[in-house]
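Listing of entry.cif; format and content: mmCIF, C-alpha atoms.
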data_structure
#
loop_
_atom_site.label_atom_id
_atom_site.label_comp_id
_atom_site.auth_asym_id
_atom_site.auth_seq_id
_atom_site.Cartn_x
_atom_site.Cartn_y
_atom_site.Cartn_z
CA MET A 707 -10.97 -34.76 -69.72
CA VAL A 708 -13.72 -36.83 -71.34
CA TYR A 709 -11.21 -39.59 -72.12
CA LYS A 710 -9.97 -39.54 -68.53
CA SER A 711 -13.52 -39.86 -67.21
CA PHE A 712 -14.24 -42.86 -69.43
CA ARG A 713 -10.93 -44.42 -68.38
CA ASN A 714 -11.79 -43.99 -64.70
CA ILE A 715 -15.22 -45.54 -65.24
CA PHE A 716 -13.65 -48.46 -67.08
CA VAL A 717 -11.16 -49.00 -64.23
CA LEU A 718 -13.98 -48.98 -61.66
CA ILE A 719 -16.01 -51.47 -63.68
CA THR A 720 -12.98 -53.74 -64.06
CA ILE A 721 -12.32 -53.63 -60.33
CA ALA A 722 -15.96 -54.42 -59.58
CA VAL A 723 -15.90 -57.41 -61.93
CA TRP A 724 -12.76 -58.86 -60.35
CA ILE A 725 -14.14 -58.33 -56.85
CA ALA A 726 -17.23 -60.28 -57.92
CA VAL A 727 -15.10 -63.05 -59.40
CA PHE A 728 -13.05 -63.52 -56.25
CA THR A 729 -16.04 -63.42 -53.91
CA ILE A 730 -18.01 -66.27 -55.52
CA ASP A 731 -19.64 -68.38 -52.85
CA ASP A 732 -18.06 -71.85 -53.02
CA ASN A 733 -20.85 -73.59 -51.08
CA LEU A 734 -23.48 -75.77 -52.73
CA HIS A 735 -26.80 -74.04 -53.28
CA ILE A 736 -30.11 -75.69 -54.14
CA ILE A 737 -32.54 -73.03 -55.29
CA ALA A 738 -36.20 -73.88 -55.72
CA CYS A 739 -37.15 -71.11 -58.12
CA ASP A 740 -40.48 -69.39 -57.60
CA VAL A 741 -41.99 -70.07 -61.04
CA GLY A 742 -45.61 -70.33 -59.94
CA GLN A 743 -47.34 -73.66 -60.46
CA GLY A 744 -44.41 -75.67 -61.74
CA ASP A 745 -40.91 -76.92 -60.98
CA ALA A 746 -37.52 -75.34 -61.59
CA ILE A 747 -34.60 -76.32 -59.38
CA LEU A 748 -31.21 -74.68 -59.82
CA ILE A 749 -28.27 -76.54 -58.29
CA GLN A 750 -25.15 -74.41 -58.16
CA LYS A 751 -21.60 -74.65 -56.89
CA SER A 752 -19.36 -71.72 -57.81
CA ASN A 753 -19.88 -71.24 -61.55
CA THR A 754 -21.17 -74.77 -62.18
CA GLN A 755 -24.92 -75.27 -62.59
CA VAL A 756 -27.48 -78.01 -63.03
CA LEU A 757 -31.07 -77.02 -63.79
CA ILE A 758 -33.84 -79.54 -63.16
CA ASP A 759 -36.94 -78.41 -65.09
CA GLY A 760 -37.78 -74.87 -66.14
CA GLY A 761 -41.27 -74.09 -64.89
CA PRO A 762 -44.18 -73.05 -67.11
CA ASN A 763 -42.84 -69.77 -68.48
CA GLN A 764 -39.92 -67.34 -68.63
CA LYS A 765 -39.99 -66.63 -64.87
CA VAL A 766 -37.15 -69.13 -64.60
CA LEU A 767 -34.91 -66.55 -66.28
CA ASP A 768 -35.46 -64.17 -63.35
CA CYS A 769 -34.24 -66.89 -61.01
CA LEU A 770 -31.18 -67.74 -63.09
CA GLY A 771 -30.29 -64.08 -63.44
CA LYS A 772 -30.59 -63.56 -59.70
CA TYR A 773 -28.40 -66.46 -58.56
CA MET A 774 -25.94 -67.19 -61.36
CA PRO A 775 -22.84 -64.97 -61.73
CA PHE A 776 -23.69 -62.25 -64.25
CA TRP A 777 -20.82 -63.24 -66.55
CA ASP A 778 -21.74 -66.92 -66.53
CA ARG A 779 -23.94 -67.73 -69.54
CA GLN A 780 -23.35 -71.47 -69.48
CA ILE A 781 -25.34 -74.22 -67.74
CA GLU A 782 -23.52 -77.54 -67.60
CA LEU A 783 -26.62 -79.76 -67.43
CA VAL A 784 -30.35 -79.24 -67.89
CA ILE A 785 -32.68 -82.09 -66.92
CA LEU A 786 -36.30 -82.27 -68.06
CA THR A 787 -38.03 -84.70 -65.72
CA HIS A 788 -41.05 -85.21 -67.99
CA PRO A 789 -42.74 -83.40 -70.90
CA GLN A 790 -45.48 -81.41 -69.16
CA GLU A 791 -45.62 -77.68 -69.69
CA ASP A 792 -45.26 -76.71 -66.02
CA HIS A 793 -41.84 -78.38 -66.19
CA TYR A 794 -40.59 -77.61 -69.72
CA GLY A 795 -42.29 -74.31 -70.68
CA GLY A 796 -39.48 -72.09 -69.43
CA LEU A 797 -36.71 -74.23 -70.88
CA ILE A 798 -37.28 -72.83 -74.37
CA ASN A 799 -36.14 -69.43 -73.12
CA VAL A 800 -33.29 -70.99 -71.15
CA PHE A 801 -31.88 -72.47 -74.35
CA LYS A 802 -32.26 -69.10 -76.07
CA ASN A 803 -30.37 -67.23 -73.36
CA TYR A 804 -27.77 -69.72 -72.13
CA LYS A 805 -25.35 -72.22 -73.59
CA VAL A 806 -26.43 -75.65 -72.37
CA ASP A 807 -23.70 -78.30 -72.43
CA LYS A 808 -25.97 -81.33 -71.98
CA PHE A 809 -29.72 -81.88 -71.98
CA GLY A 810 -30.91 -84.91 -70.04
CA GLU A 811 -34.37 -86.41 -70.58
CA TYR A 812 -36.23 -89.69 -70.81
CA ASN A 813 -39.74 -89.52 -72.24
CA ARG A 814 -39.84 -87.37 -75.38
CA ASP A 815 -43.48 -88.09 -76.26
CA SER A 816 -45.96 -85.23 -75.99
CA SER A 817 -48.79 -83.99 -78.19
CA ASN A 818 -48.31 -80.43 -76.95
CA VAL A 819 -47.32 -78.19 -79.85
CA SER A 820 -45.05 -76.00 -77.71
CA TYR A 821 -43.06 -79.05 -76.65
CA GLN A 822 -42.09 -79.70 -80.26
CA VAL A 823 -40.13 -76.43 -80.22
CA LEU A 824 -38.03 -77.69 -77.33
CA ARG A 825 -37.72 -81.13 -78.84
CA ASN A 826 -36.23 -79.69 -82.03
CA ILE A 827 -33.60 -77.53 -80.35
CA PRO A 828 -30.20 -78.91 -81.41
CA THR A 829 -28.16 -79.84 -78.35
CA ASN A 830 -26.14 -82.64 -76.79
CA ARG A 831 -28.88 -84.95 -75.45
CA ILE A 832 -28.38 -87.75 -72.97
CA LYS A 833 -30.99 -90.32 -71.95
CA LEU A 834 -31.45 -90.56 -68.21
CA THR A 835 -32.83 -93.76 -66.73
CA LYS A 836 -32.38 -95.76 -63.55
CA GLY A 837 -28.72 -96.58 -62.99
CA VAL A 838 -27.26 -93.67 -64.96
CA LYS A 839 -24.74 -91.64 -62.96
CA VAL A 840 -23.69 -88.13 -63.94
CA ARG A 841 -20.92 -86.02 -62.42
CA VAL A 842 -20.95 -82.26 -62.92
CA GLY A 843 -17.91 -80.80 -61.20
CA MET A 844 -18.29 -81.72 -57.53
CA ILE A 845 -22.01 -82.49 -57.96
CA TYR A 846 -22.84 -86.20 -58.19
CA LEU A 847 -26.22 -87.20 -59.60
CA ASP A 848 -27.64 -90.73 -59.58
CA MET A 849 -30.78 -91.50 -61.57
CA LEU A 850 -33.15 -93.70 -59.54
CA TRP A 851 -36.14 -93.64 -61.90
CA PRO A 852 -37.58 -94.41 -64.44
CA SER A 853 -36.57 -97.98 -65.18
CA ALA A 854 -35.86 -98.66 -68.84
CA GLN A 855 -37.74 -101.96 -68.43
CA ILE A 856 -40.94 -100.32 -67.19
CA GLN A 857 -43.08 -98.17 -69.47
CA ASN A 858 -45.70 -96.31 -67.47
CA ILE A 859 -48.81 -95.03 -69.19
CA ASN A 860 -48.96 -92.19 -66.67
CA THR A 861 -46.56 -89.46 -67.81
CA ASN A 862 -45.96 -88.43 -64.21
CA ASP A 863 -44.71 -91.90 -63.34
CA ASN A 864 -42.16 -91.74 -66.15
CA GLY A 865 -40.59 -88.71 -64.47
CA ILE A 866 -36.86 -88.68 -63.75
CA VAL A 867 -36.08 -89.06 -60.04
CA THR A 868 -32.62 -87.80 -59.17
CA LEU A 869 -30.44 -88.34 -56.12
CA LEU A 870 -27.85 -85.63 -55.49
CA LYS A 871 -24.77 -86.48 -53.45
CA TYR A 872 -22.36 -83.86 -52.20
CA GLY A 873 -20.01 -85.13 -49.53
CA GLN A 874 -22.26 -86.49 -46.77
CA PHE A 875 -25.22 -84.42 -47.97
CA LYS A 876 -27.99 -86.06 -50.01
CA ALA A 877 -31.01 -84.55 -51.76
CA LEU A 878 -33.85 -86.30 -53.55
CA PHE A 879 -35.74 -84.69 -56.44
CA THR A 880 -38.92 -86.63 -57.15
CA ALA A 881 -40.45 -84.82 -60.16
CA ASP A 882 -44.20 -85.62 -60.29
CA VAL A 883 -44.05 -89.35 -59.61
CA GLU A 884 -47.11 -90.66 -57.82
CA ASN A 885 -47.86 -93.05 -54.94
CA ALA A 886 -46.98 -96.36 -56.62
CA VAL A 887 -43.56 -95.13 -57.72
CA SER A 888 -43.01 -93.52 -54.32
CA ASP A 889 -43.61 -96.92 -52.73
CA GLU A 890 -41.23 -98.52 -55.24
CA LEU A 891 -38.51 -96.02 -54.36
CA SER A 892 -38.99 -96.55 -50.63
CA VAL A 893 -37.11 -99.86 -50.69
CA TYR A 894 -34.04 -98.50 -52.50
CA SER A 895 -30.93 -98.59 -50.33
CA GLU A 896 -29.65 -95.38 -51.94
CA ILE A 897 -32.32 -93.21 -50.31
CA GLN A 898 -31.18 -93.71 -46.74
CA ASN A 899 -30.21 -90.57 -44.80
CA ILE A 900 -31.72 -88.02 -47.16
CA ASN A 901 -31.32 -84.43 -45.98
CA TYR A 902 -33.43 -82.57 -48.55
CA LEU A 903 -36.61 -83.69 -50.29
CA LYS A 904 -38.26 -81.96 -53.24
CA VAL A 905 -41.82 -83.11 -52.57
CA ASN A 906 -43.49 -84.97 -55.44
CA HIS A 907 -45.99 -83.25 -57.72
CA HIS A 908 -46.23 -79.91 -55.92
CA GLY A 909 -47.63 -81.56 -52.81
CA SER A 910 -50.43 -83.46 -54.55
CA LYS A 911 -52.05 -86.09 -52.35
CA ASN A 912 -51.29 -88.61 -55.14
CA GLY A 913 -47.54 -87.99 -54.98
CA LEU A 914 -45.49 -88.53 -51.84
CA SER A 915 -46.37 -91.79 -50.08
CA GLN A 916 -46.04 -92.51 -46.38
CA LYS A 917 -43.71 -95.41 -47.16
CA LEU A 918 -41.28 -93.17 -49.01
CA LEU A 919 -41.42 -90.48 -46.34
CA ASP A 920 -40.77 -93.01 -43.59
CA ALA A 921 -37.83 -94.45 -45.52
CA ILE A 922 -36.04 -91.17 -46.16
CA ASP A 923 -37.10 -89.08 -43.11
CA PRO A 924 -35.57 -85.85 -44.47
CA ASP A 925 -34.59 -82.76 -42.51
CA VAL A 926 -36.38 -80.41 -44.90
CA ALA A 927 -39.16 -80.81 -47.45
CA VAL A 928 -39.44 -78.23 -50.24
CA ILE A 929 -42.70 -77.77 -52.13
CA SER A 930 -42.64 -75.94 -55.45
CA VAL A 931 -46.17 -74.64 -55.90
CA GLY A 932 -48.11 -71.65 -57.19
CA ALA A 933 -50.05 -69.41 -54.83
CA LYS A 934 -53.82 -70.04 -54.79
CA ASN A 935 -53.52 -72.63 -57.55
CA SER A 936 -56.65 -74.36 -58.86
CA TYR A 937 -55.41 -77.85 -57.90
CA GLY A 938 -55.45 -77.34 -54.16
CA HIS A 939 -51.71 -78.00 -53.90
CA PRO A 940 -50.17 -78.67 -51.49
CA HIS A 941 -52.78 -81.05 -50.14
CA GLN A 942 -53.49 -80.91 -46.41
CA GLU A 943 -52.86 -84.65 -46.14
CA ILE A 944 -49.29 -84.24 -47.38
CA LEU A 945 -48.64 -81.28 -45.10
CA GLN A 946 -49.89 -83.27 -42.12
CA MET A 947 -47.66 -86.22 -43.03
CA LEU A 948 -44.67 -83.90 -42.96
CA LYS A 949 -45.74 -82.17 -39.75
CA ASN A 950 -46.24 -85.51 -38.00
CA LYS A 951 -42.54 -86.23 -38.53
CA ASN A 952 -41.44 -82.70 -37.53
CA ILE A 953 -39.96 -82.08 -40.97
CA LYS A 954 -39.29 -78.46 -41.84
CA ILE A 955 -41.58 -77.40 -44.69
CA LEU A 956 -40.49 -74.72 -47.17
CA ARG A 957 -42.95 -73.54 -49.87
CA THR A 958 -42.33 -71.29 -52.85
CA ASP A 959 -45.88 -69.90 -52.68
CA GLU A 960 -45.08 -68.56 -49.21
CA MET A 961 -41.38 -67.76 -49.47
CA GLY A 962 -40.62 -67.10 -53.13
CA ASP A 963 -37.26 -68.51 -54.22
CA ILE A 964 -35.89 -70.94 -51.65
CA ASP A 965 -32.09 -70.90 -51.51
CA TYR A 966 -30.88 -73.87 -49.47
CA GLU A 967 -27.16 -73.65 -48.75
CA VAL A 968 -24.90 -76.60 -48.00
CA LYS A 969 -21.67 -75.36 -46.49
CA ASN A 970 -18.35 -77.03 -47.21
#

For this file, write the structure as structure tokens.
Amino acid sequence: MVYKSFRNIFVLITIAVWIAVFTIDDNLHIIACDVGQGDAILIQKSNTQVLIDGGPNQKVLDCLGKYMPFWDRQIELVILTHPQEDHYGGLINVFKNYKVDKFGEYNRDSSNVSYQVLRNIPTNRIKLTKGVKVRVGMIYLDMLWPSAQIQNINTNDNGIVTLLKYGQFKALFTADVENAVSDELSVYSEIQNINYLKVNHHGSKNGLSQKLLDAIDPDVAVISVGAKNSYGHPHQEILQMLKNKNIKILRTDEMGDIDYEVKN
């Protein structure tokens, strides 16, 4: 009788697993993870994932566990936009808990001791600069910044800016780049008809410029920001810029994880 009970439980578990496998959502999802004051963006289609930044701590694991299939322990690409702890802190735990196929980065210079742990993790690293194009399944990623010919003293302005293309849908992830780089990006032909904008630098007034906003005119602007943070993010000036153009504003400090779905 005991054996029969265990067998029945095993059969039920097997059925549940196969039901889960065959009910995977095949749409594209862009999830701005609620990691507090930091950035962590999970891009997912079926069982294929790209993670842009990992937030300041292990909260990113809660987000991955919530949205990734429970049997999927592999992330095809992780991108670190720039070596500041609110972007890389959680990646150490990501590498401990998931198999990462490729790790994309640009600026590997940081005096922060904790960053050296991440820097020394053995993995397949790729350098991402302007002009590099990466395909992950049906997800197309074009790197718009930084330029290999320009070395910015400001770490924020060396951040990797990524354009996602999925059919007719386009999303722009702007890391923490500031006004001057925003203005530089505003003249790029690739940024026309953007649907989704990840607002620069958590909504800092030194991030998104009016020129860039006018050029892309997105449908939705997502701000990854910690509740009651000490920086005053998002700045009222940025919020007003977005409101003036009737752009839908979504904030992690108000909504938690933001799962934006792009249907096929």

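The residues returned by the PyMOL selection byres ((chain A and resi 760) around 6) for this structure are Ala746, Asp759, Gly761, Val766, His793, Tyr794, Gly796 and Leu797 of chain A.
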
### Message
Can you translate the PyMOL selection byres ((chain A and resi 888) around 9) into the concrete residues it hits in this file, as a PyMOL selection string?
### Response
chain A and resi 880+883-887+889-892+906+913-919

### Query
Which distance in Å separates atom CA of A:Val840 and atom CA of A:Asp863, to one decimal?
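Value for the atom CA of A:Val840-atom CA of A:Asp863 distance: 21.4 Å.
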
### Task
Find the spatial neighbours of stretch 841-845 of chain A, counting all atoms listed in the file, within a cut-off of 10 Å - ignore same-chain residues fewer than 4 positions away - and output them as a PyMOL selection string.
chain A and resi 734+749-756+782-783+870-873

### Task
List the residues sitting within 10 Å of (-30.2, -88.4, -59.8) in the file's frame, using all atoms listed in the file, as a PyMOL selection string.
chain A and resi 785+834-841+846-851+866-871+877-880

### Task
Spell out the residues picked by the PyMOL selection byres ((chain A and resi 792) around 7) here, as a list of chain:residue names.
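Taken over the shown coordinates, the PyMOL selection byres ((chain A and resi 792) around 7) returns A:Gln743, A:Gly744, A:Asp745, A:Gly761, A:Pro762, A:Gln790, A:Glu791, A:His793, A:Tyr794, A:Gly795.
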
#### Entry: Test item: which residues lie within 9 Å of (-30.6, -92.3, -44.4) counting only C-alpha atoms, as a list of chain:residue names
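Output: A:Lys876, A:Ser895, A:Glu896, A:Ile897, A:Gln898, A:Asn899, A:Ile900, A:Asn901, A:Ala921, A:Ile922, A:Asp923, A:Pro924.
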
### Query
At what distance in Å, to one decimal, does atom CA of A:Phe875 lie from atom CA of A:Ser853?
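Straight-line distance from atom CA of A:Ser853 to atom CA of A:Phe875 works out to 24.7 Å.
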
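For the set A:Tyr902, A:Val823, A:Ile798, A:Val784, the residue with the smallest atom-to-atom gap to A:Gln874 is A:Tyr902, counting all atoms listed in the file.
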
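Taking all atoms listed in the file into account, A:Asp882 lies nearest to A:His788 out of the set A:Arg825, A:Lys934, A:Lys808, A:His788.
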
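Among A:Ala933, A:Val928, A:Leu786, A:Leu770, the residue with the shortest atom-to-atom distance to A:Leu956, counting all atoms listed in the file, is A:Val928.
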